[in-house]
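*Asks:* Got a structure for you, questions after.
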Amino acid sequence: MRLIIASNNKHKIREIREILGHRFDEVLSMRDAGIELDVVEDADSFLGNARKKALETAALLPGDAVLADDSGLCVDALGGAPGVYSARYAGEGHDDAANRKKLVEALRDVPYEERDAHFACSMVLVSDGKVLAEAVGKVCGKIIGEERGENGFGYDPLFYYEPFGMTFAELDPETKNSVSHRHNALMLLLAALDEENA
Ligand code: IMP
């Protein structure tokens, strides 16, 4: 069976291929599968958005498995915000830098001990209208008051990972990918698939 990833992000596709590739005949991006679809991510949870993306994409690809993910940053002191609005925290059309600036300002008066946050990633695997497996991965950290590091994207320069004493943007990509919410979700998804076939 082919696995189509509901994304065209090269980094995501490589990471997913490395972890799940041996379970499928082929792993392709949407573009490589000849699909162009912009699913509206309007659910109120990461899992809801991932399910919606996977089911709508799979409807165009009978006989294939489709994997969709949705992820974002949840900050305890902000009641879980930006959450599902992570990509557009500073408003539609704003970029990662504007989102980070808004986050730094929102936490200006919050002491370090209360700056707990986590990245979350939901992954949903669907085939022929049926959900085959779902997984939610997390990684915990602290949001610091100024940006550190040049790697990564999104909130990485503000996400301080205490076990390594560095922000995600200071880590090399392989190291980040070995502890990330996406990696953790993929490992859980693989375990769920293995359990189903045991
Ligand atoms: P998506 O699920 O890839 O669309 O991610 C949604 C948004 O969450 C991104 O635009 C980023 O703002 C944020 N985000 C998700 N994963 C990461 C990450 O690994 N590092 C930094 N920001 C992330």
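Scheme for the structure tokens: letters A, B, ... for chains in order shown; per-chain residue numbers from 1; ligand numbers from 1 in order shown.
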Which residues of region 74-98 of chain A come within 12 Å of region 125-143 of chain A, and for each one, what is the closest pair of atoms and their distance in Å to one decimal, counting only C-alpha atoms, sorted by chain and residue number, as JSON lines?
*Replies:*
```
{"residue": "A:Cys74", "atom": "CA", "partner": "A:Cys140", "partner_atom": "CA", "distance": 9.6}
{"residue": "A:Val75", "atom": "CA", "partner": "A:Ile143", "partner_atom": "CA", "distance": 8.0}
{"residue": "A:Asp76", "atom": "CA", "partner": "A:Lys142", "partner_atom": "CA", "distance": 9.8}
{"residue": "A:Ala77", "atom": "CA", "partner": "A:Ile143", "partner_atom": "CA", "distance": 10.2}
{"residue": "A:Leu78", "atom": "CA", "partner": "A:Ile143", "partner_atom": "CA", "distance": 11.4}
```
*Asks:* Which of region 16-113 of chain A end up as alpha helix (DSSP H) when DSSP is run on this backbone - answer as a list in words?
*Replies:*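 Output for region 16-113 of chain A, alpha helix (DSSP H) only: Ile16, Arg17, Glu18, Ile19, Leu20, Phe46, Leu47, Gly48, Asn49, Ala50, Arg51, Lys52, Lys53, Ala54, Leu55, Glu56, Thr57, Ala58, Asp96, Ala97, Ala98, Asn99, Arg100, Lys101, Lys102, Leu103, Val104, Glu105 and Ala106 of chain A.
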*Asks:* Using only C-alpha atoms and all ligand atoms, which residues have at least one atom no more than 7 Å from ligand 1? Output them as a list of chain:residue names.
*Replies:*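 What falls inside 7 Å of ligand 1 is A:Asp69, A:Asp70, A:Ser71, A:Gly72, A:Leu73, A:Ser86, A:Ala87, A:Asp96, A:Phe119, A:Gly152, A:Phe153, A:Gly154, A:Tyr155, A:Asp156, A:Ser180.
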*Asks:* Could you please take those selected residues and save N, CA and C atoms as a PDB file, in the first residue's frame?
*Replies:*
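And here's again.pdb as it stands now:
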```
ATOM      1  N   ASP A  69      -0.947  15.561   9.805  1.00  0.00           N
ATOM      2  CA  ASP A  69      -0.574  15.984  11.150  1.00  0.00           C
ATOM      3  C   ASP A  69      -1.016  17.419  11.379  1.00  0.00           C
ATOM      4  N   ASP A  70      -1.133  17.769  12.643  1.00  0.00           N
ATOM      5  CA  ASP A  70      -1.345  19.173  12.989  1.00  0.00           C
ATOM      6  C   ASP A  70      -0.607  19.412  14.290  1.00  0.00           C
ATOM      7  N   SER A  71       0.060  20.551  14.377  1.00  0.00           N
ATOM      8  CA  SER A  71       0.870  20.775  15.568  1.00  0.00           C
ATOM      9  C   SER A  71       0.863  22.237  15.963  1.00  0.00           C
ATOM     10  N   GLY A  72       1.382  22.512  17.136  1.00  0.00           N
ATOM     11  CA  GLY A  72       1.448  23.889  17.608  1.00  0.00           C
ATOM     12  C   GLY A  72       2.013  23.956  19.015  1.00  0.00           C
ATOM     13  N   LEU A  73       2.047  25.175  19.535  1.00  0.00           N
ATOM     14  CA  LEU A  73       2.633  25.444  20.847  1.00  0.00           C
ATOM     15  C   LEU A  73       1.535  25.785  21.850  1.00  0.00           C
ATOM     16  N   SER A  86      -1.499  28.637  16.532  1.00  0.00           N
ATOM     17  CA  SER A  86      -0.053  28.906  16.576  1.00  0.00           C
ATOM     18  C   SER A  86       0.470  29.597  15.317  1.00  0.00           C
ATOM     19  N   ALA A  87       0.024  29.140  14.144  1.00  0.00           N
ATOM     20  CA  ALA A  87       0.560  29.686  12.886  1.00  0.00           C
ATOM     21  C   ALA A  87       0.093  31.118  12.650  1.00  0.00           C
ATOM     22  N   ASP A  96       6.248  34.165  11.321  1.00  0.00           N
ATOM     23  CA  ASP A  96       6.763  33.573  12.556  1.00  0.00           C
ATOM     24  C   ASP A  96       7.341  34.632  13.490  1.00  0.00           C
ATOM     25  N   PHE A 119       5.145  21.737  22.933  1.00  0.00           N
ATOM     26  CA  PHE A 119       4.709  21.561  21.557  1.00  0.00           C
ATOM     27  C   PHE A 119       3.897  20.280  21.525  1.00  0.00           C
ATOM     28  N   GLY A 152      15.883  25.911  12.872  1.00  0.00           N
ATOM     29  CA  GLY A 152      14.467  25.640  13.085  1.00  0.00           C
ATOM     30  C   GLY A 152      13.542  26.669  12.469  1.00  0.00           C
ATOM     31  N   PHE A 153      12.344  26.763  13.022  1.00  0.00           N
ATOM     32  CA  PHE A 153      11.327  27.670  12.480  1.00  0.00           C
ATOM     33  C   PHE A 153      10.346  27.981  13.596  1.00  0.00           C
ATOM     34  N   GLY A 154       9.318  28.730  13.282  1.00  0.00           N
ATOM     35  CA  GLY A 154       8.233  29.006  14.228  1.00  0.00           C
ATOM     36  C   GLY A 154       8.749  29.513  15.575  1.00  0.00           C
ATOM     37  N   TYR A 155       8.322  28.868  16.628  1.00  0.00           N
ATOM     38  CA  TYR A 155       8.645  29.322  17.995  1.00  0.00           C
ATOM     39  C   TYR A 155       9.972  28.745  18.510  1.00  0.00           C
ATOM     40  N   ASP A 156      10.726  28.038  17.679  1.00  0.00           N
ATOM     41  CA  ASP A 156      11.958  27.375  18.129  1.00  0.00           C
ATOM     42  C   ASP A 156      12.925  28.296  18.884  1.00  0.00           C
ATOM     43  N   SER A 180      11.575  15.755  19.243  1.00  0.00           N
ATOM     44  CA  SER A 180      10.446  16.658  18.944  1.00  0.00           C
ATOM     45  C   SER A 180       9.087  15.987  19.142  1.00  0.00           C
TER      46      SER A 180
END
```
*Asks:* Hey, can you check how far CA of Asn8 (chain A) sits from CA of Asn197 (chain A)?
*Replies:*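 That distance, rounded to one decimal, is 28.7 Å.
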*Asks:* I'd like the contact shell of Asp172 (chain A) - 12 Å cut-off, only C-alpha atoms, skipping same-chain residues fewer than 3 positions apart - returned as JSON, numbers by chain.
*Replies:* {"A": [149, 150, 151, 152, 156, 164, 166, 167, 168, 169, 175, 176, 177, 178, 179]}
*Asks:* Keeping C-alpha atoms for every residue in the selection just given, could you write it to a file as a PDB file, in the first residue's frame?
*Replies:*
```pdb
ATOM      1  CA  GLY A 149      19.588  30.367  17.986  1.00  0.00           C
ATOM      2  CA  GLU A 150      19.293  30.439  14.209  1.00  0.00           C
ATOM      3  CA  ASN A 151      17.998  26.959  13.345  1.00  0.00           C
ATOM      4  CA  GLY A 152      14.467  25.640  13.085  1.00  0.00           C
ATOM      5  CA  ASP A 156      11.958  27.375  18.129  1.00  0.00           C
ATOM      6  CA  PHE A 164      19.961  20.084  26.682  1.00  0.00           C
ATOM      7  CA  MET A 166      19.432  25.122  24.711  1.00  0.00           C
ATOM      8  CA  THR A 167      16.518  26.438  22.681  1.00  0.00           C
ATOM      9  CA  PHE A 168      15.239  24.272  19.817  1.00  0.00           C
ATOM     10  CA  ALA A 169      16.770  26.862  17.443  1.00  0.00           C
ATOM     11  CA  THR A 175      19.033  16.536  17.578  1.00  0.00           C
ATOM     12  CA  LYS A 176      15.773  18.501  17.591  1.00  0.00           C
ATOM     13  CA  ASN A 177      14.126  15.825  15.438  1.00  0.00           C
ATOM     14  CA  SER A 178      15.155  13.113  17.883  1.00  0.00           C
ATOM     15  CA  VAL A 179      13.153  14.666  20.755  1.00  0.00           C
TER      16      VAL A 179
END
```
*Asks:* Could you please determine the separation between CA of Glu170 (chain A) and CA of Pro157 (chain A) in Å, to one decimal place?
*Replies:*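 Calculated distance between CA of Glu170 (chain A) and CA of Pro157 (chain A) is 7.3 Å.
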*Asks:* Check the smallest atom-to-atom distance from each of A:Phe159, A:Ile35, A:Glu195, A:Leu190 to Gly21 (chain A) using only C-alpha atoms, then report the winner.
*Replies:* A:Leu190
*Asks:* Contacts of region 65-68 of chain A at 9 Å or less, counting only C-alpha atoms, minus same-chain residues fewer than 2 places along, as a list of chain:residue names?
*Replies:* A:Met1, A:Arg2, A:Leu3, A:Ile4, A:Ile5, A:Ala6, A:Ser7, A:Phe24, A:Asn49, A:Ala50, A:Arg51, A:Lys52, A:Lys53, A:Ala54, A:Leu55, A:Thr57, A:Ala58, A:Leu61, A:Pro62, A:Gly63, A:Asp70, A:Ser122, A:Met123, A:Val124, A:Leu125, A:Val126, A:Ser127, A:Asp128, A:Leu132
*Asks:* With DSSP run on the backbone, what are the strand (DSSP E) residues within region 54-96 of chain A? I'd like them as a VMD selection string.
*Replies:* chain A and resid 65 to 75
